[in-house]
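What follows is one structure encoded as structure tokens, with my remarks underneath.
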Amino acid sequence: MPSEPCDALRRQGYQFFSKTTSAALKPCMWCKRALEGGDMCYKHQFYGIESHRCVQLTPTLLCNQRCLFCWRSFEHDRVDTEECSPETILAGIHKLQKRALAGYNAVLENTVTDERWKEALDPRHVAISLSGEPTLYHKLPELIDLFNKTGYTTFLVSNGTNPGMLKRCSPYQIYVSLDAPDRETYHAVCRPLGDYWELVQESLNMLGHGGQRSAVRITLVRGLNDFAPERYAAMLQDSGARFVEVKGYMFLGYSRNRLKRENMPGHEAVRSFAEKLAAASDYRIKDENRLSRVVCLERMR
Ligand code: SF4
């Protein structure tokens, strides 16, 4: 995809799987910290995922929402000229992850520990969560099956607008976002290209079927969607999700053009909201990470 937007993304560290699609990977900041022997991301704390062995990728940068809190630039949305095949994505992982991490290694002037470097070149986890909505990629079920067969643990993060596609996917853990207590707030905060509120509800309600590990992610934006915890709780209660992650919005990337620093809730506010969810549902607080302003709840019944 030889275009200006993609050149901008390349400068930000995106590695594209082919010239004609927007399938890409980019190691996250926790991967870099873990490589230096430092802290890992909260997914390690909550679910045991090692950050330096995790590949953050997307099979498409396309998205059907324009969330105010999204860190990506909407100008980078474009119609892919073709979709990358699952085999091309799988085959490119090692090479692209190594290329991206080699950049870090150079910047860090060899502060990376040998053991972690070797482990990082043999990733075990794939987080399909970089940017864009992965269910818009038509071969998502096949891609996840291929990862599963190859021994990767897969996390799939979706905005929930495509329940039909989600039903066909079998990742290790599936995430669906719930970022509003009602339809009106959903339109104001997530700015979907159509009215997908009912589809998001359908996605939430199918979570946990067949024993699949699942989580709902709530990105809390101060002053925009941090009210009516009892309405969120009612939707969570109807869902079959095992976990709920309440995460405070971070003033990062392109979201800084749409929101203000004041829209970031502090950890105490995130924790307090999570407590209200717990009080109104069968979920109980399992763990929290102050640095990432995230609280994890787990369903008790
Ligand atoms: S659904 Fe995800 S990728 Fe799409 S705009 Fe919202 S936060 Fe960004």
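Residue numbering restarts at 1 in every chain; chains get A, B, ... in the order shown in the structure tokens, and ligands count up from 1 in that same order.
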**Q.** Those of stretch 19-245 of chain A in DSSP strand (DSSP E or B), formatted as a ChimeraX atom specification
**A.** /A:24-25,54-58,125-128,153-158,173-177,213-220,243-245
Q | Cut-off 6 Å, only C-alpha atoms and all ligand atoms, neighbours of ligand 1 as a PyMOL selection string | A | chain A and resi 63+65-67+70+131-133+159
Write the residues of the preceding selection, restricted to C-alpha atoms, as a compact mmCIF listing (two decimals), in the first residue's frame.
# COMPACT_ATOMS: atom_id res chain seq x y z
CA CYS A 63 -12.77 0.37 10.75
CA GLN A 65 -16.34 3.33 13.88
CA ARG A 66 -14.62 6.63 14.56
CA CYS A 67 -14.21 6.45 18.34
CA CYS A 70 -9.05 5.92 19.35
CA SER A 131 -5.77 -0.77 15.06
CA GLY A 132 -8.79 -1.13 12.80
CA GLU A 133 -11.66 -3.60 13.20
CA ASN A 159 -15.77 -3.46 18.53
Q: For atom CA of A:Glu115 and atom CA of A:Ile49, determine how far apart the two atoms are, in Å to one decimal place.
A: 16.8 Å
Q: Skip stretch 266-268 of chain A itself and residues of its chain fewer than 2 positions away, then list as a VMD selection string all residues within 7 Å of it, counting only C-alpha atoms.
A: chain A and resid 264 270 to 272 290 293
Those residues you just picked out, can you put them in a file as a CSV table (one decimal), in the first residue's frame with N, CA and C atoms?
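And here is the file that came out, part-v1.csv:
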chain,number,residue,atom,x,y,z
A,264,MET,N,-9.1,12.1,30.7
A,264,MET,CA,-8.5,10.9,31.3
A,264,MET,C,-9.0,10.8,32.7
A,270,VAL,N,-11.6,5.0,38.0
A,270,VAL,CA,-11.8,3.8,37.3
A,270,VAL,C,-12.2,2.7,38.3
A,271,ARG,N,-11.4,2.7,39.4
A,271,ARG,CA,-11.7,1.7,40.4
A,271,ARG,C,-13.1,1.9,41.0
A,272,SER,N,-13.5,3.1,41.2
A,272,SER,CA,-14.8,3.4,41.8
A,272,SER,C,-15.9,3.0,40.9
A,290,ARG,N,-2.5,-0.1,38.4
A,290,ARG,CA,-2.6,1.4,38.6
A,290,ARG,C,-2.0,2.2,37.5
A,293,ARG,N,-4.1,2.1,34.6
A,293,ARG,CA,-5.5,2.5,35.0
A,293,ARG,C,-6.5,1.6,34.5
Could you list, as a PDB file with N, CA and C atoms, in the first residue's frame, every residue within 12 Å of A:Gly38, counting only C-alpha atoms and ignoring same-chain residues fewer than 2 positions away?
ATOM      1  N   MET A  29       4.619  -0.764  23.481  1.00  0.00           N
ATOM      2  CA  MET A  29       5.676  -0.246  24.365  1.00  0.00           C
ATOM      3  C   MET A  29       6.032  -1.249  25.462  1.00  0.00           C
ATOM      4  N   TRP A  30       5.083  -2.128  25.825  1.00  0.00           N
ATOM      5  CA  TRP A  30       5.360  -3.110  26.878  1.00  0.00           C
ATOM      6  C   TRP A  30       6.302  -4.177  26.378  1.00  0.00           C
ATOM      7  N   CYS A  31       6.219  -4.468  25.096  1.00  0.00           N
ATOM      8  CA  CYS A  31       7.123  -5.445  24.489  1.00  0.00           C
ATOM      9  C   CYS A  31       8.547  -4.933  24.649  1.00  0.00           C
ATOM     10  N   LYS A  32       8.724  -3.647  24.387  1.00  0.00           N
ATOM     11  CA  LYS A  32      10.045  -3.012  24.493  1.00  0.00           C
ATOM     12  C   LYS A  32      10.524  -3.015  25.950  1.00  0.00           C
ATOM     13  N   ARG A  33       9.628  -2.657  26.860  1.00  0.00           N
ATOM     14  CA  ARG A  33      10.026  -2.630  28.283  1.00  0.00           C
ATOM     15  C   ARG A  33      10.405  -4.016  28.773  1.00  0.00           C
ATOM     16  N   ALA A  34       9.623  -5.016  28.346  1.00  0.00           N
ATOM     17  CA  ALA A  34       9.895  -6.386  28.792  1.00  0.00           C
ATOM     18  C   ALA A  34      11.229  -6.869  28.239  1.00  0.00           C
ATOM     19  N   LEU A  35      11.546  -6.428  27.019  1.00  0.00           N
ATOM     20  CA  LEU A  35      12.830  -6.821  26.413  1.00  0.00           C
ATOM     21  C   LEU A  35      14.005  -6.333  27.255  1.00  0.00           C
ATOM     22  N   GLU A  36      13.837  -5.204  27.875  1.00  0.00           N
ATOM     23  CA  GLU A  36      14.903  -4.653  28.721  1.00  0.00           C
ATOM     24  C   GLU A  36      14.906  -5.293  30.111  1.00  0.00           C
ATOM     25  N   MET A  40       6.004  -5.843  32.567  1.00  0.00           N
ATOM     26  CA  MET A  40       5.204  -6.318  31.441  1.00  0.00           C
ATOM     27  C   MET A  40       3.820  -5.653  31.517  1.00  0.00           C
ATOM     28  N   CYS A  41       3.059  -5.821  30.457  1.00  0.00           N
ATOM     29  CA  CYS A  41       1.748  -5.171  30.402  1.00  0.00           C
ATOM     30  C   CYS A  41       0.756  -5.876  31.338  1.00  0.00           C
ATOM     31  N   GLU A  50       3.165 -13.062  28.217  1.00  0.00           N
ATOM     32  CA  GLU A  50       4.480 -12.404  28.319  1.00  0.00           C
ATOM     33  C   GLU A  50       4.610 -11.354  27.212  1.00  0.00           C
ATOM     34  N   SER A  51       4.833 -10.104  27.609  1.00  0.00           N
ATOM     35  CA  SER A  51       4.786  -8.995  26.641  1.00  0.00           C
ATOM     36  C   SER A  51       5.829  -9.120  25.533  1.00  0.00           C
ATOM     37  N   HIS A  52       7.036  -9.595  25.859  1.00  0.00           N
ATOM     38  CA  HIS A  52       8.079  -9.642  24.823  1.00  0.00           C
ATOM     39  C   HIS A  52       7.870 -10.799  23.854  1.00  0.00           C
ATOM     40  N   THR A 111      20.759  -2.940  25.703  1.00  0.00           N
ATOM     41  CA  THR A 111      20.364  -3.169  27.098  1.00  0.00           C
ATOM     42  C   THR A 111      19.404  -4.349  27.191  1.00  0.00           C
ATOM     43  N   VAL A 112      19.039  -4.887  26.013  1.00  0.00           N
ATOM     44  CA  VAL A 112      18.117  -6.016  25.971  1.00  0.00           C
ATOM     45  C   VAL A 112      18.836  -7.268  26.484  1.00  0.00           C
ATOM     46  N   THR A 113      18.170  -8.010  27.358  1.00  0.00           N
ATOM     47  CA  THR A 113      18.821  -9.215  27.876  1.00  0.00           C
ATOM     48  C   THR A 113      18.800 -10.316  26.806  1.00  0.00           C
ATOM     49  N   ARG A 116      15.790 -12.779  26.900  1.00  0.00           N
ATOM     50  CA  ARG A 116      14.513 -12.217  26.436  1.00  0.00           C
ATOM     51  C   ARG A 116      14.548 -11.933  24.933  1.00  0.00           C
TER      52      ARG A 116
END
Q. Taking the backbone alone, and naming residues the way the document does, which bits of stretch 58-298 of chain A are alpha helix (DSSP H) by DSSP, as a PyMOL selection string?
A. chain A and resi 86-107+114-120+140-150+163-167+183-190+197-206+229-238+267-279
(Q) So the first atom is atom CA of A:Glu184 and the second is atom CA of A:Lys247; what is the distance between them in Å, to one decimal place? (A)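 Separating atom CA of A:Glu184 from atom CA of A:Lys247 is a distance of 21.0 Å.
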Q: Excluding stretch 228-244 of chain A and any residue of its chain fewer than 4 positions from it, enumerate the residues within 8 Å of it, using only C-alpha atoms, and give them as a list in words.
A: Ala180, Pro181, Asp182, Gln201, Leu204, Asn205, Met206, Leu207, Gly208, His209, Arg213, Ser214, Ala215, Val216, Arg217, Ile218, Phe273, Lys276, Leu277, Ala278, Ala280, Ser281, Asp282, Tyr283, Cys296, Leu297, Glu298 and Arg299 of chain A
Any chance you could export the current selection's C-alpha atoms as a JSON list (two decimals), in the first residue's frame?
[["chain", "number", "residue", "atom", "x", "y", "z"],
["A", 180, "ALA", "CA", -21.55, 3.47, 26.21],
["A", 181, "PRO", "CA", -24.48, 2.81, 28.52],
["A", 182, "ASP", "CA", -27.03, 3.62, 25.78],
["A", 201, "GLN", "CA", -25.65, -6.11, 22.04],
["A", 204, "LEU", "CA", -22.09, -9.19, 23.97],
["A", 205, "ASN", "CA", -24.85, -11.73, 24.41],
["A", 206, "MET", "CA", -23.04, -14.47, 22.51],
["A", 207, "LEU", "CA", -19.87, -14.22, 24.63],
["A", 208, "GLY", "CA", -18.95, -17.31, 26.58],
["A", 209, "HIS", "CA", -20.99, -19.68, 24.41],
["A", 213, "ARG", "CA", -12.88, -17.37, 27.25],
["A", 214, "SER", "CA", -14.23, -13.90, 26.77],
["A", 215, "ALA", "CA", -13.96, -10.38, 28.07],
["A", 216, "VAL", "CA", -15.78, -7.08, 27.73],
["A", 217, "ARG", "CA", -13.62, -3.99, 27.57],
["A", 218, "ILE", "CA", -14.98, -0.64, 28.71],
["A", 273, "PHE", "CA", -16.69, 2.77, 38.56],
["A", 276, "LYS", "CA", -20.27, 0.15, 41.12],
["A", 277, "LEU", "CA", -20.40, -2.42, 38.31],
["A", 278, "ALA", "CA", -19.58, -5.16, 40.81],
["A", 280, "ALA", "CA", -24.91, -4.21, 40.44],
["A", 281, "SER", "CA", -23.88, -7.55, 38.88],
["A", 282, "ASP", "CA", -22.34, -11.00, 39.44],
["A", 283, "TYR", "CA", -18.86, -9.65, 38.63],
["A", 296, "CYS", "CA", -10.26, -6.51, 35.88],
["A", 297, "LEU", "CA", -13.51, -8.08, 37.10],
["A", 298, "GLU", "CA", -14.43, -11.74, 36.90],
["A", 299, "ARG", "CA", -17.86, -13.35, 36.85]]
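For the residues A:Phe16, A:Tyr186, A:Tyr175, A:Tyr249, ranking by smallest atom-to-atom distance to A:Pro134 using only C-alpha atoms places A:Tyr175 first.
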With only C-alpha atoms counted and 8 Å as the cut-off, give the residues of stretch 25-99 of chain A in contact with stretch 145-154 of chain A, each with its shortest interatomic distance in Å and the pair that gives it, as CSV.
residue,atom,partner,partner_atom,distance
A:Pro86,CA,A:Leu146,CA,7.3
A:Glu87,CA,A:Leu146,CA,7.9
A:Leu90,CA,A:Phe147,CA,7.3
Q. Which residues come within 8 Å of A:Pro141, counting only C-alpha atoms, excluding same-chain residues fewer than 4 positions away, as a ChimeraX atom specification?
A. /A:145,165,168-170
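Of the listed residues (A:His187, A:Arg124, A:Arg10, A:His44), A:His44 comes nearest to A:Asp287; the distances count only C-alpha atoms.
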